[in-house]
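File shown here: run-v3.cif, holding mmCIF, C-alpha atoms.
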```
data_data
loop_
_atom_site.label_atom_id
_atom_site.label_comp_id
_atom_site.auth_asym_id
_atom_site.auth_seq_id
_atom_site.Cartn_x
_atom_site.Cartn_y
_atom_site.Cartn_z
CA MET A 1 -6.36 0.80 -28.62
CA ALA A 2 -10.04 1.55 -28.27
CA SER A 3 -10.45 -0.64 -25.21
CA GLU A 4 -7.38 0.85 -23.57
CA LYS A 5 -8.84 4.33 -24.06
CA THR A 6 -12.14 3.21 -22.55
CA GLU A 7 -10.29 1.90 -19.50
CA PHE A 8 -8.59 5.24 -18.89
CA GLU A 9 -11.81 7.17 -19.40
CA ASP A 10 -13.49 4.93 -16.80
CA ILE A 11 -11.25 6.30 -14.04
CA PRO A 12 -13.38 8.87 -12.20
CA GLY A 13 -12.34 12.52 -12.04
CA THR A 14 -9.30 11.88 -14.25
CA TYR A 15 -8.55 13.33 -17.71
CA LEU A 16 -5.53 11.53 -19.16
CA PHE A 17 -3.45 13.97 -21.20
CA ASN A 18 -3.63 11.92 -24.39
CA SER A 19 -3.38 12.96 -28.03
CA ASP A 20 -7.04 14.06 -28.23
CA ARG A 21 -6.65 16.43 -25.28
CA SER A 22 -3.24 17.59 -26.47
CA LYS A 23 -4.67 18.50 -29.89
CA ALA A 24 -7.67 20.27 -28.37
CA GLY A 25 -5.61 22.08 -25.74
CA TYR A 26 -2.50 23.10 -27.66
CA HIS A 27 -3.15 26.85 -27.83
CA LEU A 28 -4.61 26.98 -24.31
CA ASN A 29 -1.52 25.23 -22.94
CA MET A 30 0.91 27.33 -24.96
CA PHE A 31 -0.82 30.47 -23.65
CA CYS A 32 -0.13 29.16 -20.12
CA MET A 33 3.46 28.34 -21.11
CA SER A 34 3.98 31.94 -22.24
CA LEU A 35 3.33 33.07 -18.65
CA LEU A 36 6.73 31.69 -17.61
CA LYS A 37 8.16 35.00 -18.89
CA PRO A 38 7.74 37.93 -16.49
CA GLU A 39 7.03 40.40 -19.33
CA ASN A 40 4.20 38.18 -20.55
CA ARG A 41 2.72 37.90 -17.06
CA ASP A 42 2.72 41.70 -16.89
CA ALA A 43 1.08 42.03 -20.31
CA PHE A 44 -1.59 39.46 -19.40
CA ARG A 45 -2.36 41.15 -16.08
CA ALA A 46 -2.59 44.56 -17.77
CA ASP A 47 -5.22 43.43 -20.29
CA GLU A 48 -6.26 39.79 -20.18
CA GLU A 49 -8.59 39.97 -23.20
CA ALA A 50 -6.01 41.65 -25.44
CA TYR A 51 -3.30 39.22 -24.38
CA LEU A 52 -5.54 36.22 -25.06
CA ASP A 53 -6.07 37.50 -28.63
CA ARG A 54 -2.53 36.28 -29.35
CA PHE A 55 -3.59 32.64 -28.85
CA PRO A 56 -6.13 31.02 -31.18
CA MET A 57 -7.84 28.90 -28.51
CA THR A 58 -11.59 28.23 -28.68
CA TRP A 59 -14.14 30.75 -27.42
CA GLU A 60 -15.05 28.28 -24.68
CA GLN A 61 -11.44 27.89 -23.53
CA ARG A 62 -10.91 31.66 -23.62
CA HIS A 63 -13.85 32.15 -21.26
CA MET A 64 -12.64 29.39 -18.99
CA VAL A 65 -9.34 31.24 -18.68
CA LEU A 66 -11.09 34.55 -17.97
CA ASP A 67 -13.41 32.86 -15.44
CA ARG A 68 -10.57 30.77 -13.93
CA ASP A 69 -12.64 27.64 -14.49
CA TRP A 70 -9.82 25.28 -13.47
CA LEU A 71 -11.73 22.03 -14.03
CA GLY A 72 -13.20 23.28 -17.31
CA MET A 73 -9.73 24.05 -18.65
CA ILE A 74 -8.64 20.47 -17.85
CA LYS A 75 -11.74 19.01 -19.50
CA THR A 76 -11.14 20.96 -22.72
CA GLY A 77 -7.49 19.95 -23.11
CA GLY A 78 -5.59 21.95 -20.50
CA ASN A 79 -2.79 20.10 -18.76
CA ILE A 80 -2.26 20.73 -15.05
CA TYR A 81 1.44 21.58 -15.38
CA TYR A 82 0.42 24.32 -17.82
CA THR A 83 -2.70 25.63 -16.08
CA ALA A 84 -0.67 25.77 -12.85
CA LYS A 85 1.36 28.55 -14.53
CA LEU A 86 -1.84 30.60 -14.79
CA GLY A 87 -2.40 29.82 -11.11
CA ALA A 88 1.12 31.01 -10.28
CA THR A 89 0.47 34.22 -12.24
CA ASP A 90 -2.57 34.77 -10.01
CA GLY A 91 -0.48 33.99 -6.91
CA LYS A 92 -2.58 30.89 -6.21
CA SER A 93 -1.17 27.70 -4.73
CA PHE A 94 -1.42 24.28 -6.29
CA GLN A 95 -3.69 23.24 -3.43
CA TYR A 96 -6.04 26.16 -4.16
CA ILE A 97 -6.39 24.94 -7.76
CA ALA A 98 -6.78 21.32 -6.61
CA GLY A 99 -9.51 22.41 -4.22
CA LYS A 100 -11.32 24.27 -6.99
CA MET A 101 -11.15 21.25 -9.31
CA SER A 102 -12.41 18.87 -6.65
CA GLY A 103 -15.07 21.23 -5.31
CA VAL A 104 -13.73 21.99 -1.82
CA SER A 105 -11.99 24.90 -0.14
CA GLU A 106 -8.20 25.14 -0.07
CA LYS A 107 -8.34 24.50 3.69
CA ASP A 108 -10.52 21.39 3.36
CA TYR A 109 -8.28 20.09 0.60
CA ALA A 110 -5.12 20.69 2.67
CA ASP A 111 -6.76 18.93 5.66
CA MET A 112 -7.66 15.95 3.47
CA MET A 113 -4.00 15.66 2.44
CA ILE A 114 -2.74 15.88 6.03
CA ASN A 115 -5.17 13.08 6.90
CA GLY A 116 -3.63 10.78 4.28
CA GLY A 117 -5.10 12.08 1.04
CA ARG A 118 -8.04 10.94 -1.05
CA SER A 119 -8.66 7.22 -0.64
CA ILE A 120 -8.32 4.86 -3.58
CA GLU A 121 -11.36 2.92 -2.32
CA ASN A 122 -14.37 3.62 -4.56
CA ASN A 123 -12.15 5.74 -6.78
CA ARG A 124 -10.93 3.12 -9.24
CA SER A 125 -13.79 3.20 -11.74
CA LYS A 126 -16.82 5.32 -12.46
CA SER A 127 -19.13 2.48 -11.38
CA ASP A 128 -17.23 2.20 -8.05
CA ALA A 129 -17.58 5.93 -7.52
CA GLU A 130 -21.33 5.79 -8.20
CA GLN A 131 -21.85 2.97 -5.71
CA LYS A 132 -20.25 5.17 -3.09
CA GLY A 133 -22.95 7.61 -4.18
CA MET B 1 36.57 1.67 -15.86
CA ALA B 2 33.63 3.68 -14.57
CA ARG B 3 31.10 1.79 -12.49
CA ILE B 4 27.66 2.27 -10.97
CA ILE B 5 27.90 1.84 -7.22
CA GLY B 6 24.42 2.79 -6.11
CA GLY B 7 20.97 4.00 -6.97
CA VAL B 8 18.64 6.47 -5.31
CA ALA B 9 14.93 6.90 -5.91
CA THR B 10 13.19 9.91 -4.48
CA SER B 11 10.14 12.08 -5.00
CA HIS B 12 10.76 15.58 -6.37
CA VAL B 13 7.78 17.56 -5.07
CA PRO B 14 8.20 21.31 -5.79
CA ALA B 15 6.79 22.30 -2.37
CA ILE B 16 9.78 20.53 -0.77
CA GLY B 17 12.09 22.91 -2.63
CA ALA B 18 9.99 25.87 -1.50
CA ALA B 19 10.09 24.64 2.12
CA ILE B 20 13.91 24.46 1.97
CA ASP B 21 14.26 27.82 0.22
CA LEU B 22 11.91 29.58 2.65
CA GLY B 23 13.56 28.06 5.75
CA LYS B 24 10.52 26.00 6.81
CA THR B 25 12.22 22.63 7.27
CA ASP B 26 11.83 22.71 11.09
CA GLU B 27 8.10 23.44 10.96
CA ASP B 28 5.78 20.71 12.27
CA TYR B 29 4.43 20.04 8.77
CA TRP B 30 7.85 19.52 7.21
CA LYS B 31 10.12 18.24 9.98
CA PRO B 32 9.16 14.52 9.73
CA LEU B 33 9.93 14.60 6.02
CA PHE B 34 13.32 16.25 6.35
CA ASP B 35 14.22 14.02 9.31
CA GLY B 36 13.56 11.04 7.04
CA TYR B 37 16.22 12.27 4.64
CA ILE B 38 18.97 12.70 7.26
CA PRO B 39 20.29 9.11 6.72
CA SER B 40 20.01 9.63 2.94
CA LYS B 41 22.21 12.73 3.11
CA LYS B 42 24.70 10.81 5.22
CA TRP B 43 24.75 7.97 2.67
CA MET B 44 25.32 10.47 -0.12
CA ALA B 45 28.17 12.19 1.78
CA ASP B 46 29.80 8.85 2.68
CA THR B 47 29.44 7.44 -0.83
CA GLU B 48 31.08 10.44 -2.53
CA PRO B 49 30.06 9.68 -6.12
CA ASP B 50 32.15 11.26 -8.87
CA VAL B 51 29.10 11.72 -11.08
CA VAL B 52 25.31 11.48 -10.65
CA ILE B 53 23.09 10.50 -13.58
CA LEU B 54 19.79 12.09 -12.58
CA VAL B 55 16.64 10.77 -14.22
CA TYR B 56 13.73 13.20 -13.86
CA ASN B 57 11.00 14.87 -15.85
CA ASP B 58 10.75 18.44 -16.99
CA HIS B 59 7.42 20.03 -15.96
CA ALA B 60 6.73 22.26 -18.96
CA THR B 61 9.82 24.35 -18.21
CA ALA B 62 12.68 23.62 -20.63
CA PHE B 63 10.34 21.68 -22.91
CA SER B 64 6.73 22.35 -23.81
CA LEU B 65 4.21 20.89 -26.25
CA GLU B 66 6.35 22.50 -28.97
CA LEU B 67 8.74 19.56 -28.74
CA ILE B 68 8.31 16.38 -26.68
CA PRO B 69 11.41 14.18 -26.40
CA THR B 70 10.75 10.81 -24.79
CA PHE B 71 14.33 10.52 -23.50
CA ALA B 72 16.67 13.54 -23.47
CA ILE B 73 20.21 13.69 -22.12
CA GLY B 74 22.00 16.88 -21.13
CA VAL B 75 25.57 17.04 -22.42
CA ALA B 76 26.42 20.64 -21.48
CA SER B 77 28.96 21.75 -18.88
CA GLU B 78 26.30 23.71 -16.96
CA PHE B 79 22.54 23.68 -16.45
CA PRO B 80 21.01 26.75 -14.78
CA PRO B 81 18.16 26.36 -12.27
CA ALA B 82 14.97 27.33 -14.12
CA ASP B 83 12.54 30.16 -13.43
CA GLU B 84 9.26 28.28 -12.93
CA GLY B 85 7.22 31.42 -12.41
CA TRP B 86 8.57 32.59 -9.04
CA GLY B 87 12.19 33.24 -10.05
CA PRO B 88 14.87 30.51 -10.13
CA ARG B 89 15.56 28.55 -6.92
CA LYS B 90 18.60 29.95 -5.13
CA VAL B 91 20.57 26.74 -5.51
CA PRO B 92 23.95 26.20 -7.16
CA VAL B 93 24.23 25.97 -10.93
CA VAL B 94 24.27 22.30 -11.90
CA LYS B 95 27.63 21.34 -13.40
CA GLY B 96 27.46 18.65 -16.06
CA HIS B 97 29.98 16.04 -17.16
CA PRO B 98 30.22 16.53 -20.93
CA ASP B 99 32.72 13.70 -21.50
CA LEU B 100 30.64 11.01 -19.81
CA ALA B 101 27.37 12.50 -21.10
CA TRP B 102 28.56 12.39 -24.72
CA HIS B 103 29.88 8.89 -24.20
CA LEU B 104 26.49 7.87 -22.80
CA SER B 105 24.69 9.50 -25.74
CA GLU B 106 26.81 7.69 -28.31
CA SER B 107 26.72 4.39 -26.52
CA LEU B 108 22.95 4.50 -25.90
CA ILE B 109 22.10 5.45 -29.48
CA LEU B 110 24.32 2.67 -30.88
CA ASP B 111 22.65 0.38 -28.31
CA GLU B 112 19.32 1.36 -30.01
CA PHE B 113 18.05 3.92 -27.49
CA ASP B 114 17.47 6.99 -29.64
CA MET B 115 18.28 9.78 -27.21
CA THR B 116 17.61 13.47 -27.81
CA VAL B 117 20.88 15.28 -27.08
CA VAL B 118 20.51 18.64 -25.32
CA ASN B 119 23.05 21.42 -24.90
CA GLU B 120 20.81 24.23 -23.61
CA MET B 121 18.50 23.21 -20.79
CA PRO B 122 17.42 25.02 -17.65
CA VAL B 123 16.58 22.42 -14.99
CA ASP B 124 13.43 22.67 -12.88
CA HIS B 125 12.39 21.29 -9.48
CA GLY B 126 12.32 17.77 -10.94
CA LEU B 127 16.11 17.84 -10.90
CA THR B 128 17.01 20.35 -8.17
CA VAL B 129 14.70 19.07 -5.40
CA PRO B 130 16.28 15.58 -5.39
CA LEU B 131 19.74 17.22 -5.18
CA SER B 132 18.60 19.37 -2.26
CA LEU B 133 17.09 16.35 -0.48
CA MET B 134 20.20 14.20 -0.93
CA CYS B 135 22.93 16.86 -0.64
CA GLY B 136 21.45 19.57 1.60
CA GLU B 137 22.25 23.21 0.93
CA PRO B 138 25.90 23.40 -0.16
CA ASP B 139 27.51 26.33 -1.99
CA GLU B 140 28.32 23.94 -4.83
CA TRP B 141 26.76 20.56 -5.60
CA PRO B 142 29.22 17.84 -4.50
CA CYS B 143 29.72 16.36 -7.98
CA PRO B 144 28.81 16.81 -11.64
CA VAL B 145 25.29 15.78 -12.65
CA ILE B 146 24.10 14.42 -15.99
CA PRO B 147 20.40 15.25 -16.44
CA LEU B 148 18.30 12.60 -18.17
CA ALA B 149 14.79 13.89 -18.83
CA VAL B 150 11.87 11.55 -19.54
CA ASN B 151 8.50 12.56 -20.96
CA VAL B 152 5.83 11.52 -18.47
CA ILE B 153 3.36 14.37 -19.17
CA GLN B 154 2.13 13.71 -22.69
CA TYR B 155 0.59 10.24 -22.83
CA PRO B 156 2.11 7.76 -23.45
CA PRO B 157 5.32 7.87 -21.46
CA PRO B 158 7.79 5.08 -22.22
CA THR B 159 6.76 1.72 -20.77
CA GLY B 160 8.21 0.46 -17.52
CA ASN B 161 10.00 -2.27 -19.42
CA ARG B 162 11.56 0.24 -21.81
CA CYS B 163 12.70 2.34 -18.86
CA PHE B 164 14.23 -0.70 -17.17
CA GLU B 165 16.03 -1.67 -20.38
CA LEU B 166 17.33 1.90 -20.76
CA GLY B 167 18.76 1.53 -17.26
CA ARG B 168 20.55 -1.63 -18.34
CA ALA B 169 21.93 0.18 -21.39
CA ILE B 170 23.13 3.00 -19.12
CA ARG B 171 24.97 0.41 -17.03
CA ARG B 172 26.67 -1.01 -20.15
CA ALA B 173 27.56 2.51 -21.28
CA VAL B 174 29.04 3.52 -17.93
CA GLU B 175 31.08 0.31 -17.74
CA SER B 176 32.57 1.03 -21.16
CA PHE B 177 33.82 4.49 -20.14
CA ASP B 178 37.57 4.31 -19.71
CA ARG B 179 37.92 6.50 -16.67
CA ASP B 180 37.79 5.38 -13.08
CA LEU B 181 34.55 7.03 -11.92
CA LYS B 182 32.05 6.10 -9.22
CA VAL B 183 28.56 6.76 -10.57
CA VAL B 184 25.24 6.96 -8.72
CA VAL B 185 21.97 6.90 -10.66
CA PHE B 186 18.92 8.77 -9.37
CA GLY B 187 15.37 7.89 -10.46
CA THR B 188 12.94 10.56 -9.32
CA GLY B 189 9.24 11.46 -9.19
CA GLY B 190 6.21 9.88 -7.53
CA MET B 191 5.05 8.30 -5.42
CA SER B 192 1.25 8.15 -5.61
CA HIS B 193 -0.29 11.52 -6.45
CA GLN B 194 -2.87 13.08 -8.71
CA LEU B 195 -2.78 16.81 -9.35
CA HIS B 196 -5.78 17.32 -11.59
CA GLY B 197 -9.51 16.72 -11.87
CA GLU B 198 -12.07 15.85 -9.22
CA ARG B 199 -9.83 12.97 -8.07
CA ALA B 200 -6.95 15.36 -7.19
CA GLY B 201 -5.27 14.40 -3.94
CA LEU B 202 -5.37 10.65 -4.47
CA ILE B 203 -2.87 8.71 -2.34
CA ASN B 204 -2.45 4.93 -2.34
CA LYS B 205 -0.09 3.81 0.43
CA GLU B 206 -0.60 0.15 -0.31
CA PHE B 207 0.46 0.56 -3.95
CA ASP B 208 3.47 2.63 -2.91
CA ARG B 209 4.66 0.16 -0.26
CA GLN B 210 4.36 -2.75 -2.69
CA PHE B 211 6.28 -0.75 -5.28
CA LEU B 212 9.08 -0.06 -2.78
CA ASP B 213 9.17 -3.76 -1.80
CA ASP B 214 9.23 -4.97 -5.38
CA LEU B 215 12.09 -2.73 -6.49
CA THR B 216 14.31 -5.39 -4.94
CA ALA B 217 11.92 -8.33 -4.38
CA ASP B 218 10.22 -8.49 -7.77
CA PRO B 219 11.42 -5.98 -10.37
CA GLU B 220 10.00 -8.32 -13.04
CA ARG B 221 6.48 -7.45 -11.84
CA LEU B 222 7.22 -3.72 -11.97
CA LYS B 223 8.68 -3.98 -15.48
CA GLN B 224 5.40 -5.43 -16.72
CA LEU B 225 3.10 -3.05 -14.85
CA PRO B 226 0.95 -1.34 -17.53
CA HIS B 227 0.32 2.42 -17.55
CA ILE B 228 -3.35 1.95 -16.67
CA GLU B 229 -2.32 0.42 -13.32
CA TYR B 230 -0.17 3.43 -12.40
CA VAL B 231 -2.86 5.90 -13.40
CA ARG B 232 -5.75 4.07 -11.75
CA GLU B 233 -3.94 2.97 -8.58
CA ALA B 234 -1.26 5.63 -8.02
CA GLY B 235 -2.97 8.65 -9.61
CA SER B 236 -2.45 10.24 -13.01
CA GLU B 237 0.84 11.84 -11.98
CA GLY B 238 1.97 8.68 -10.14
CA ILE B 239 3.02 7.42 -13.55
CA GLU B 240 6.27 9.30 -12.90
CA MET B 241 7.35 6.14 -11.07
CA VAL B 242 8.33 4.54 -14.40
CA MET B 243 11.44 6.70 -14.02
CA TRP B 244 12.44 4.73 -10.92
CA LEU B 245 12.78 1.70 -13.17
CA ILE B 246 15.58 3.37 -15.14
CA MET B 247 17.53 3.56 -11.90
CA ARG B 248 16.59 -0.04 -11.06
CA GLY B 249 17.72 -1.30 -14.46
CA ALA B 250 21.06 0.46 -14.05
CA LEU B 251 21.76 -1.48 -10.85
CA SER B 252 22.70 -5.16 -10.74
CA ASP B 253 19.97 -7.79 -10.49
CA ASP B 254 20.93 -8.58 -6.88
CA ALA B 255 21.24 -4.97 -5.70
CA LYS B 256 20.50 -4.57 -1.98
CA GLU B 257 18.17 -2.08 -0.34
CA VAL B 258 20.15 -0.08 2.23
CA TYR B 259 17.60 2.58 3.19
CA ARG B 260 13.93 3.38 2.77
CA PHE B 261 11.67 6.23 3.87
CA TYR B 262 8.00 6.89 3.15
CA HIS B 263 5.89 9.85 4.20
CA VAL B 264 2.46 11.34 3.45
CA PRO B 265 1.99 14.12 2.51
CA ALA B 266 4.24 16.71 0.95
CA SER B 267 1.62 19.07 -0.42
CA ASN B 268 -0.34 16.75 -2.80
CA THR B 269 2.05 13.83 -2.88
CA ALA B 270 3.24 10.68 -1.15
CA VAL B 271 7.00 10.92 -0.72
CA GLY B 272 9.22 7.89 -1.11
CA ASN B 273 12.97 7.50 -0.89
CA ILE B 274 14.90 4.28 -1.36
CA ILE B 275 18.63 3.63 -1.72
CA LEU B 276 20.09 0.56 -3.41
CA GLU B 277 23.70 -0.59 -3.58
CA ASN B 278 25.35 -2.97 -5.99
#
```
Written form, structure tokens:
Amino acid sequence: MASEKTEFEDIPGTYLFNSDRSKAGYHLNMFCMSLLKPENRDAFRADEEAYLDRFPMTWEQRHMVLDRDWLGMIKTGGNIYYTAKLGATDGKSFQYIAGKMSGVSEKDYADMMINGGRSIENNRSKSDAEQKG
Amino acid sequence: MARIIGGVATSHVPAIGAAIDLGKTDEDYWKPLFDGYIPSKKWMADTEPDVVILVYNDHATAFSLELIPTFAIGVASEFPPADEGWGPRKVPVVKGHPDLAWHLSESLILDEFDMTVVNEMPVDHGLTVPLSLMCGEPDEWPCPVIPLAVNVIQYPPPTGNRCFELGRAIRRAVESFDRDLKVVVFGTGGMSHQLHGERAGLINKEFDRQFLDDLTADPERLKQLPHIEYVREAGSEGIEMVMWLIMRGALSDDAKEVYRFYHVPASNTAVGNIILEN
């Protein structure tokens, strides 16, 4: 199992939603899940800090939510299908969030997709990605 | 006797549903994609299945981390389109087929596939977008649909081999149902895409084309493809393609490809559609 985990963690820019991340991100993700209900979206928008008090996530995760640190949320156990619900609450598109996580504007990200997407070349392993430099 | 007459695999990108619902299908961005599905819609209309078994994944809508069934089958008479944060899609309520669904549940469990049986389940874009792509925008869906939800979000999803074998068990179950029904199985999701992290936007056309080829040419290779290969080569969310193997397993070994379409992109995703007939 250990070697399999190492293989997944060697894929660049990828955070497999495994048991470690699921354990770490449970309350963060369930906060996001709660935003499927309109009344919860309203309560969150009215007072984000007070609403977040209902969910015992870590201090770090709480600040990532408040700062809309999309990549940080993923790194600390957020799952994209959950964090996207926070994006939807903000009226942000999936491509906006994807741009934020990959460090480009929504427009540049959308253009990359129209031009065939991000290439697999030099994106298979962290050593590949470094060679690309 | 009921029988499986065909299989459909298709992507289920949520932006496709939004494009249909907002009347954007003739826009330059979307037209090539929807044109590619015109023959698929015709096949669906000509084939007139009595029931569709639709394999898909729920995207943190009906299920959450609270409860994570690996394989869940919907046995209700109706499944409402889900509110995914923007209000439910304005598409018909999905009518189930409780008699066949319960028969499938019993048969699969006795065949050693331990299904979770679900009576209350809103269905999200994973299920409704494939119906829209294959059936257009009718007032009612053309036939009852049995939802079969697979966990592909929490690692690990079931293996490709397990999915293929579930397909075979579905075929046995359908063939032991004592009513004369024509059944089509849908496998949905994919193709290559990654929605998260710095590698978001990954597309791998070569992987996708080989996958489409091997659905008929070499399903043995696909059955053995490990999860790491999907994630590395087709993107973290490309692992949804294991669900296509449930469809493939439900068809006969010598099933024929009758249609194929491939297009990049729909939002973040490579779109594939393939139709097989027994």
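Our summary of the geometry notes that atom CA of B:Leu195 is positioned 28.4 Å from atom CA of B:Glu220.
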Which residues of chain B come within 9 Å of chain A, and what is each one's closest atom pair and distance in Å (one decimal), counting only C-alpha atoms, sorted by chain and residue number, as CSV?
```
residue,atom,partner,partner_atom,distance
B:Tyr29,CA,A:Ile114,CA,8.7
B:His59,CA,A:Tyr81,CA,6.2
B:Ala60,CA,A:Tyr81,CA,6.4
B:Thr61,CA,A:Leu36,CA,8.0
B:Ser64,CA,A:Met33,CA,7.3
B:Leu65,CA,A:Tyr26,CA,7.2
B:Glu66,CA,A:Met30,CA,8.3
B:Asp83,CA,A:Leu36,CA,7.3
B:Glu84,CA,A:Leu36,CA,6.3
B:Gly85,CA,A:Leu36,CA,5.2
B:Trp86,CA,A:Ala88,CA,7.7
B:Ile153,CA,A:Phe17,CA,7.1
B:Gln154,CA,A:Phe17,CA,5.8
B:Tyr155,CA,A:Asn18,CA,4.8
B:Pro156,CA,A:Asn18,CA,7.2
B:His193,CA,A:Gly117,CA,8.9
B:Gln194,CA,A:Thr14,CA,8.6
B:Leu195,CA,A:Ala98,CA,6.6
B:His196,CA,A:Ile80,CA,6.0
B:Gly197,CA,A:Gly13,CA,5.1
B:Glu198,CA,A:Ser102,CA,4.0
B:Arg199,CA,A:Gly13,CA,4.7
B:Ala200,CA,A:Ala98,CA,6.0
B:Gly201,CA,A:Arg118,CA,5.3
B:Leu202,CA,A:Arg118,CA,4.3
B:Ile203,CA,A:Gly117,CA,5.3
B:Asn204,CA,A:Ile120,CA,6.0
B:Lys205,CA,A:Gly116,CA,8.7
B:Ile228,CA,A:Phe8,CA,6.6
B:Val231,CA,A:Phe8,CA,8.0
B:Arg232,CA,A:Arg124,CA,5.8
B:Glu233,CA,A:Ile120,CA,6.9
B:Ala234,CA,A:Ile120,CA,8.4
B:Gly235,CA,A:Thr14,CA,8.5
B:Ser236,CA,A:Leu16,CA,7.0
B:Val264,CA,A:Gly116,CA,6.2
B:Pro265,CA,A:Ile114,CA,6.2
B:Ala266,CA,A:Met113,CA,8.4
B:Ser267,CA,A:Met113,CA,7.2
B:Asn268,CA,A:Met113,CA,6.5
B:Thr269,CA,A:Met113,CA,8.3
B:Ala270,CA,A:Gly117,CA,8.7
```
Original post:
Just how far from atom CA of B:Arg89 is atom CA of B:Gly187, in Å to one decimal?
Top reply: 21.0 Å
Subject >> Å distance separating atom CA of B:Glu240 from atom CA of B:Phe63, one decimal place >> reply: 16.4 Å
Original post:
Using all atoms listed in the file, which residues sit within 12 Å of A:Asp53 once same-chain residues fewer than 2 positions away are excluded, as a PyMOL selection string?
Top reply: chain A and resi 27-28+31+43-44+47-51+55-59+62-63
Original post:
Just so the selection is clear, what residues does the PyMOL selection byres ((chain B and resi 11) around 9) cover here, as a count of residues only?
Top reply: 18
**OP:** List the neighbours of stretch 166-181 of chain B out to 7 Å using only C-alpha atoms; skip same-chain residues closer than 2 positions along the sequence, and give me the result as a list in words.
**Re:** Met1, Ala2, Arg3, Ile4, Asp50, Leu104, Ser107, Leu108, Asp111, Arg162, Cys163, Phe164, Val183, Ile246, Met247, Arg248, Gly249 and Ala250 of chain B
Subject >> Residues returned when the PyMOL selection byres ((chain B and resi 97) around 9) runs on this file, as a VMD selection string >> reply: chain B and resid 51 74 to 78 95 to 96 98 to 102 144 to 146
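Here, the PyMOL selection byres ((chain B and resi 7) around 7) matches B:Gly6, B:Val8, B:Ala9, B:Val184, B:Val185, B:Phe186, B:Met247, B:Leu251, B:Ile275, B:Leu276, B:Glu277.
Residue nearest B:Lys182 within the list B:Cys143, B:Ala82, B:Leu67, B:Val93: B:Cys143 [criterion: smallest interatomic distance, only C-alpha atoms].
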